[in-house]
Every structure is written in structure tokens, then in C-alpha cells.
>>> print(open('work-v9.tsv').read())   # TSV, C-alpha atoms (C1' of nucleotides)
chain	number	residue	atom	x	y	z
T	1	MET	CA	0.00	0.00	0.00
T	2	ALA	CA	2.09	2.87	1.26
T	3	ALA	CA	5.12	3.57	-0.88
T	4	THR	CA	8.44	2.79	0.75
T	5	LYS	CA	9.87	5.84	2.37
T	6	ARG	CA	12.97	7.24	0.83
T	7	HIS	CA	15.85	8.74	2.70
T	8	TRP	CA	17.70	11.95	2.00
T	9	LEU	CA	20.38	14.28	3.19
T	10	ILE	CA	20.09	18.03	3.03
T	11	LYS	CA	22.93	20.45	3.60
T	12	GLN	CA	22.90	23.83	5.13
T	13	GLU	CA	25.55	26.22	6.33
T	14	PRO	CA	24.93	26.62	10.06
T	15	ASP	CA	25.93	30.29	9.72
T	16	THR	CA	22.96	30.73	7.39
T	17	PHE	CA	20.35	28.48	8.97
T	18	SER	CA	21.49	26.11	11.68
T	19	TRP	CA	19.69	23.11	13.10
T	20	ASP	CA	18.86	25.24	16.15
T	21	ASP	CA	17.36	27.93	13.92
T	22	PHE	CA	15.36	25.18	12.23
T	23	VAL	CA	14.05	23.82	15.54
T	24	LYS	CA	13.18	27.33	16.70
T	25	ALA	CA	11.33	28.01	13.47
T	26	GLY	CA	9.39	24.75	13.73
T	27	GLU	CA	9.51	24.27	9.98
T	28	ALA	CA	11.42	25.55	6.99
T	29	GLN	CA	10.82	26.23	3.33
T	30	TRP	CA	13.82	24.72	1.56
T	31	ASP	CA	14.14	27.31	-1.18
T	32	GLY	CA	17.02	28.75	-3.14
T	33	VAL	CA	18.20	25.47	-4.64
T	34	ARG	CA	19.66	26.30	-8.07
T	35	ASN	CA	21.16	23.04	-9.14
T	36	TYR	CA	19.24	20.65	-11.35
T	37	GLN	CA	20.32	17.47	-9.63
T	38	ALA	CA	19.42	18.87	-6.23
T	39	ARG	CA	16.14	20.18	-7.58
T	40	ASN	CA	15.24	16.80	-9.03
T	41	ASN	CA	15.97	15.22	-5.69
T	42	LEU	CA	13.66	17.71	-4.00
T	43	ARG	CA	10.97	16.80	-6.48
T	44	ALA	CA	11.34	13.10	-5.76
T	45	MET	CA	10.64	13.61	-2.05
T	46	ARG	CA	7.34	12.49	-0.63
T	47	LYS	CA	5.54	13.70	2.43
T	48	GLY	CA	6.80	11.75	5.42
T	49	ASP	CA	10.23	10.97	3.95
T	50	LEU	CA	13.12	11.52	6.34
T	51	ALA	CA	16.25	13.54	5.70
T	52	PHE	CA	19.44	14.03	7.65
T	53	TYR	CA	20.29	17.64	8.36
T	54	TYR	CA	23.95	18.27	7.65
T	55	HIS	CA	25.99	21.30	8.62
T	56	SER	CA	28.39	22.19	5.82
T	57	GLY	CA	31.27	24.64	6.17
T	58	THR	CA	31.38	25.14	9.93
T	59	GLY	CA	30.90	21.80	11.63
T	60	ARG	CA	30.73	19.34	8.75
T	61	GLU	CA	28.51	16.91	10.60
T	62	ILE	CA	25.04	15.42	10.55
T	63	VAL	CA	23.13	16.94	13.41
T	64	GLY	CA	19.50	15.97	13.10
T	65	VAL	CA	16.61	14.36	11.28
T	66	ALA	CA	13.99	16.30	9.33
T	67	GLU	CA	10.74	15.16	7.77
T	68	VAL	CA	9.14	16.26	4.51
T	69	LEU	CA	6.11	18.30	5.42
T	70	ARG	CA	5.11	19.51	2.00
T	71	GLU	CA	6.14	18.07	-1.35
T	72	ALA	CA	7.78	20.11	-4.11
T	73	TYR	CA	6.08	23.31	-5.23
T	74	PRO	CA	7.37	26.30	-7.22
T	75	ASP	CA	10.12	28.15	-5.41
T	76	PRO	CA	8.77	31.65	-4.69
T	77	THR	CA	12.30	33.01	-4.40
T	78	ALA	CA	13.15	32.10	-8.00
T	79	THR	CA	12.97	35.04	-10.38
T	80	GLY	CA	13.31	32.88	-13.48
T	81	GLY	CA	13.74	29.28	-14.46
T	82	ASP	CA	12.01	26.18	-13.26
T	83	TRP	CA	12.85	25.72	-9.59
T	84	SER	CA	11.18	23.94	-6.73
T	85	CYS	CA	11.25	23.96	-2.98
T	86	VAL	CA	10.06	21.63	-0.24
T	87	ASP	CA	8.95	22.24	3.34
T	88	PHE	CA	10.58	20.35	6.19
T	89	LYS	CA	9.98	20.10	9.90
T	90	PRO	CA	12.54	18.99	12.48
T	91	VAL	CA	11.98	15.53	13.94
T	92	LYS	CA	14.82	15.15	16.40
T	93	ALA	CA	18.43	16.05	17.00
T	94	LEU	CA	20.89	13.18	16.88
T	95	LYS	CA	22.12	12.02	20.27
T	96	ARG	CA	25.50	13.18	19.10
T	97	PRO	CA	26.52	14.63	15.73
T	98	VAL	CA	28.12	12.28	13.21
T	99	SER	CA	31.01	14.04	11.54
T	100	LEU	CA	32.12	13.82	7.95
T	101	THR	CA	35.47	12.54	9.20
T	102	GLU	CA	33.75	9.66	10.96
T	103	ILE	CA	31.65	8.89	7.89
T	104	LYS	CA	34.70	8.92	5.65
T	105	ALA	CA	36.49	6.55	8.01
T	106	ASP	CA	33.66	4.00	7.72
T	107	LYS	CA	34.04	1.66	4.77
T	108	ARG	CA	30.32	0.84	4.81
T	109	LEU	CA	29.52	4.47	4.06
T	110	GLU	CA	32.01	5.02	1.26
T	111	ASN	CA	29.28	5.16	-1.38
T	112	LEU	CA	27.46	8.05	0.25
T	113	LEU	CA	27.06	10.91	-2.17
T	114	LEU	CA	28.11	13.15	0.68
T	115	VAL	CA	31.54	11.60	0.25
T	116	ARG	CA	31.54	10.96	-3.49
T	117	HIS	CA	29.88	14.14	-4.62
T	118	SER	CA	30.66	16.70	-1.98
T	119	ARG	CA	29.12	19.66	-3.78
T	120	LEU	CA	25.60	18.27	-4.05
T	121	SER	CA	23.32	19.92	-1.51
T	122	VAL	CA	20.28	17.63	-1.66
T	123	MET	CA	20.94	13.94	-2.11
T	124	PRO	CA	19.32	10.54	-1.72
T	125	MET	CA	20.74	7.79	0.43
T	126	GLU	CA	19.95	4.14	1.08
T	127	ALA	CA	17.75	3.11	3.99
T	128	ALA	CA	20.60	0.91	5.24
T	129	GLU	CA	23.00	3.85	5.20
T	130	PHE	CA	20.46	5.97	7.02
T	131	GLU	CA	20.05	3.32	9.71
T	132	MET	CA	23.78	2.92	10.03
T	133	ILE	CA	24.30	6.58	10.74
T	134	LEU	CA	21.45	6.57	13.25
T	135	LYS	CA	23.21	3.70	14.95
T	136	LEU	CA	26.51	5.59	14.99
T	137	ALA	CA	24.76	8.59	16.52
T	138	ALA	CA	23.33	6.40	19.26
T	139	SER	CA	26.75	4.94	20.08
T	140	ARG	CA	29.70	6.45	21.83
T	141	LEU	CA	32.37	8.00	19.70
H	1	DG	C1'	28.57	20.40	-30.35
H	2	DC	C1'	33.07	21.19	-28.40
H	3	DC	C1'	35.84	23.36	-25.14
H	4	DA	C1'	37.94	27.17	-22.54
H	5	DA	C1'	36.84	30.47	-19.13
H	6	DC	C1'	34.62	31.49	-15.26
H	7	DG	C1'	31.81	31.11	-10.92
H	8	DT	C1'	30.40	28.47	-6.94
H	9	DT	C1'	30.59	25.05	-3.37
H	10	DG	C1'	32.68	22.98	0.23
H	11	DG	C1'	36.61	20.33	2.26
H	12	DC	C1'	40.95	21.05	4.17
P	1	DG	C1'	42.78	31.26	2.36
P	2	DC	C1'	43.55	27.83	-0.96
P	3	DC	C1'	42.27	24.53	-4.14
P	4	DA	C1'	39.68	20.62	-6.34
P	5	DA	C1'	35.46	19.38	-8.30
P	6	DC	C1'	31.87	20.52	-10.84
P	7	DG	C1'	28.25	23.26	-13.31
P	8	DT	C1'	27.31	26.93	-16.50
P	9	DT	C1'	28.18	30.11	-20.14
P	10	DG	C1'	29.61	31.69	-24.42
P	11	DG	C1'	32.76	31.82	-28.47
P	12	DC	C1'	33.77	29.36	-32.37
>>> encode(input="work-v9.tsv", output="C-alpha cells")
Amino acid sequence: MAATKRHWLIKQEPDTFSWDDFVKAGEAQWDGVRNYQARNNLRAMRKGDLAFYYHSGTGREIVGVAEVLREAYPDPTATGGDWSCVDFKPVKALKRPVSLTEIKADKRLENLLLVRHSRLSVMPMEAAEFEMILKLAASRL
DNA sequence: GCCAACGTTGGC
DNA sequence: GCCAACGTTGGC
């Protein structure tokens, strides 16, 4: 019946909009994406899908889990072109952040687009990879 | 349609 | 602050 949930990772510079800002806001319109691959990923998201919230630049770590609140709709901040945005709400912060260094050190996560394609800001990931990172976050460093 | 130049992102 | 990776643009 219900389609299998897909898993994602979204990046944000904490200096621009941190996880704490996100939690304070209660939800966020994920606009401003101007890359086709990232846009297509946004469009493939379904309500209820989960996404890791990653701090790029300062931090470079996964800090929390977000959920798709509203599926892709036209990005109101776009002045031209065919762009989309998605609304997310925070679900929970990870028990402890999982850093890029830690992810890179883990052979089982070597196929993550976060590692292979570092410039992509919205990316899919496997359910197994998602679970693995949740497990890392629940463990001691 | 190719490719050089340029801009942007993000890790280090 | 630097640089690699990558996307986009524009000349030919």
C-alpha cells in the first residue's frame, strides 16, 4: 500500500540556517536550490520521507533528522527558471553529531554521495545507510 | 557540439 | 585562504 519511504540528506551552512534555527522556526521552506540534480531530488521527495540535516562549512557533521512536510512546489524566491522547494519540519536532533570525518572513516559508508559528490546539496541515500548513521549517533564515539 | 573560461561550493 | 570538483556560459 504505502510507498516505501525514501531517505535523504540536506545540507545547510549553520551560519545561514542552523539546526537550532530550524528547531526554533518549527519548519522551513527549503528554497534557493539552483542546481538541477538537487532540484530533481527535492521533487522526488514524498511527504513523510526523512532527511538528515547536515551542517556544511562550519561543523561538517550530521546533526538531526527532518521530515518532509510539503512536497515540491514552485520556489517563490526564483525570479526565473524552473525551480522547486520543499517544506521540512525537524523531527529530532541526533544524540551526538556524526562528523564527515567519521563517515569517511567508515568503509560501509564510502558510497554516500556526501563523500563521493561533496558539492551536491540535496541527495538521496539508502535506507541501510540511514540506519547505520542513526546507529553511529546512538553509540559512543 | 566542443571546449575554454569562469563562478560556486565545500573540504581542508 | 587555498584549491579541487563541478556546473554553467559563451565563443567558435
>>> interface_residues(input="work-v9.tsv", of="chain P", to="chain T", cutoff="9 Å", atoms="only C-alpha atoms (C1' of nucleotides)", output="ChimeraX atom specification")
/P:5-7
>>> closest_residue(input="work-v9.tsv", among="T:Leu113, T:Met45, T:Leu134, T:Val23", to="Val91 (chain T)", atoms="all atoms listed in the file")
T:Val23
>>> atom_distance(input="work-v9.tsv", atom1="CA of Thr79 (chain T)", atom2="CA of Leu9 (chain T)")
25.9 Å
>>> residues_around(input="work-v9.tsv", residues="Ser84 (chain T)", least_positions_apart="5", cutoff="6 Å", atoms="only C-alpha atoms (C1' of nucleotides)", output="count of residues only")
4
>>> closest_residue(input="work-v9.tsv", among="T:Arg60, T:Arg96, T:Arg39, T:Arg140", to="DG11 (chain H)", atoms="all atoms listed in the file")
T:Arg60
>>> residues_near_point(input="work-v9.tsv", point="(9.6, 22.7, 2.6)", cutoff="12 Å", atoms="all atoms listed in the file", output="PyMOL selection string")
chain T and resi 10+22+26-33+42-43+45-49+51+66-76+84-90
>>> residues_near_point(input="work-v9.tsv", point="(35.2, 14.1, 14.6)", cutoff="10 Å", atoms="only C-alpha atoms (C1' of nucleotides)", output="mmCIF file with C-alpha atoms, in the coordinates of the input")
data_model
loop_
_atom_site.group_PDB
_atom_site.id
_atom_site.type_symbol
_atom_site.label_atom_id
_atom_site.label_comp_id
_atom_site.auth_asym_id
_atom_site.auth_seq_id
_atom_site.Cartn_x
_atom_site.Cartn_y
_atom_site.Cartn_z
ATOM 1 C CA GLY T 59 30.900 21.800 11.630
ATOM 2 C CA ARG T 60 30.730 19.340 8.750
ATOM 3 C CA GLU T 61 28.510 16.910 10.600
ATOM 4 C CA PRO T 97 26.520 14.630 15.730
ATOM 5 C CA VAL T 98 28.120 12.280 13.210
ATOM 6 C CA SER T 99 31.010 14.040 11.540
ATOM 7 C CA LEU T 100 32.120 13.820 7.950
ATOM 8 C CA THR T 101 35.470 12.540 9.200
ATOM 9 C CA GLU T 102 33.750 9.660 10.960
ATOM 10 C CA ILE T 103 31.650 8.890 7.890
ATOM 11 C CA LEU T 141 32.370 8.000 19.700
#
>>> atom_distance(input="work-v9.tsv", atom1="CA of Ala25 (chain T)", atom2="CA of Met132 (chain T)")
28.2 Å
>>> atom_distance(input="work-v9.tsv", atom1="CA of Ala38 (chain T)", atom2="C1' of DT9 (chain P)")
19.9 Å
>>> build_atoms(input="work-v9.tsv", residues="region 67-78 of chain T", atoms="all heavy atoms", output="compact mmCIF listing (two decimals), in the coordinates of the input")
# COMPACT_ATOMS: atom_id res chain seq x y z
N GLU T 67 11.77 15.90 8.50
CA GLU T 67 10.74 15.16 7.77
C GLU T 67 10.10 16.07 6.73
O GLU T 67 9.90 17.26 6.97
CB GLU T 67 9.68 14.68 8.77
CG GLU T 67 8.56 13.88 8.13
CD GLU T 67 7.50 13.47 9.16
OE1 GLU T 67 7.83 13.34 10.35
OE2 GLU T 67 6.33 13.31 8.75
N VAL T 68 9.79 15.49 5.57
CA VAL T 68 9.14 16.26 4.51
C VAL T 68 7.71 16.55 4.93
O VAL T 68 6.93 15.65 5.19
CB VAL T 68 9.15 15.49 3.17
CG1 VAL T 68 8.39 16.27 2.11
CG2 VAL T 68 10.58 15.22 2.72
N LEU T 69 7.42 17.84 4.98
CA LEU T 69 6.11 18.30 5.42
C LEU T 69 5.22 18.59 4.21
O LEU T 69 4.03 18.31 4.19
CB LEU T 69 6.31 19.58 6.22
CG LEU T 69 5.25 20.05 7.19
CD1 LEU T 69 4.99 18.99 8.23
CD2 LEU T 69 5.73 21.35 7.86
N ARG T 70 5.84 19.17 3.21
CA ARG T 70 5.11 19.51 2.00
C ARG T 70 5.97 19.19 0.78
O ARG T 70 7.13 19.58 0.73
CB ARG T 70 4.77 21.01 2.01
CG ARG T 70 3.96 21.44 0.79
CD ARG T 70 3.62 22.92 0.86
NE ARG T 70 3.01 23.35 -0.41
CZ ARG T 70 2.83 24.61 -0.77
NH1 ARG T 70 3.19 25.59 0.06
NH2 ARG T 70 2.29 24.92 -1.92
N GLU T 71 5.40 18.48 -0.15
CA GLU T 71 6.14 18.07 -1.35
C GLU T 71 6.41 19.26 -2.26
O GLU T 71 5.82 20.34 -2.09
CB GLU T 71 5.37 16.97 -2.08
CG GLU T 71 5.29 15.69 -1.24
CD GLU T 71 4.49 14.58 -1.92
OE1 GLU T 71 4.21 14.69 -3.13
OE2 GLU T 71 4.15 13.60 -1.23
N ALA T 72 7.27 19.04 -3.25
CA ALA T 72 7.78 20.11 -4.11
C ALA T 72 6.68 21.01 -4.69
O ALA T 72 5.66 20.53 -5.17
CB ALA T 72 8.61 19.50 -5.23
N TYR T 73 6.95 22.29 -4.62
CA TYR T 73 6.08 23.31 -5.23
C TYR T 73 7.01 24.41 -5.75
O TYR T 73 8.19 24.45 -5.39
CB TYR T 73 5.07 23.84 -4.22
CG TYR T 73 5.64 24.43 -2.95
CD1 TYR T 73 5.78 25.81 -2.80
CD2 TYR T 73 6.05 23.60 -1.90
CE1 TYR T 73 6.31 26.35 -1.63
CE2 TYR T 73 6.57 24.14 -0.72
CZ TYR T 73 6.70 25.51 -0.60
OH TYR T 73 7.23 26.05 0.56
N PRO T 74 6.49 25.28 -6.61
CA PRO T 74 7.37 26.30 -7.22
C PRO T 74 8.05 27.17 -6.16
O PRO T 74 7.41 27.63 -5.23
CB PRO T 74 6.40 27.12 -8.06
CG PRO T 74 5.26 26.20 -8.36
CD PRO T 74 5.13 25.33 -7.14
N ASP T 75 9.34 27.35 -6.34
CA ASP T 75 10.12 28.15 -5.41
C ASP T 75 9.79 29.63 -5.57
O ASP T 75 10.08 30.22 -6.61
CB ASP T 75 11.62 27.91 -5.69
CG ASP T 75 12.52 28.66 -4.71
OD1 ASP T 75 12.03 29.55 -4.00
OD2 ASP T 75 13.72 28.32 -4.67
N PRO T 76 9.17 30.24 -4.56
CA PRO T 76 8.77 31.65 -4.69
C PRO T 76 9.95 32.60 -4.75
O PRO T 76 9.79 33.75 -5.14
CB PRO T 76 7.93 31.89 -3.43
CG PRO T 76 8.38 30.86 -2.46
CD PRO T 76 8.80 29.67 -3.26
N THR T 77 11.13 32.13 -4.38
CA THR T 77 12.30 33.01 -4.40
C THR T 77 12.99 33.01 -5.77
O THR T 77 13.92 33.77 -5.99
CB THR T 77 13.35 32.62 -3.33
OG1 THR T 77 13.95 31.36 -3.70
CG2 THR T 77 12.71 32.48 -1.96
N ALA T 78 12.54 32.16 -6.67
CA ALA T 78 13.15 32.10 -8.00
C ALA T 78 12.56 33.20 -8.89
O ALA T 78 11.35 33.37 -8.97
CB ALA T 78 12.90 30.73 -8.62
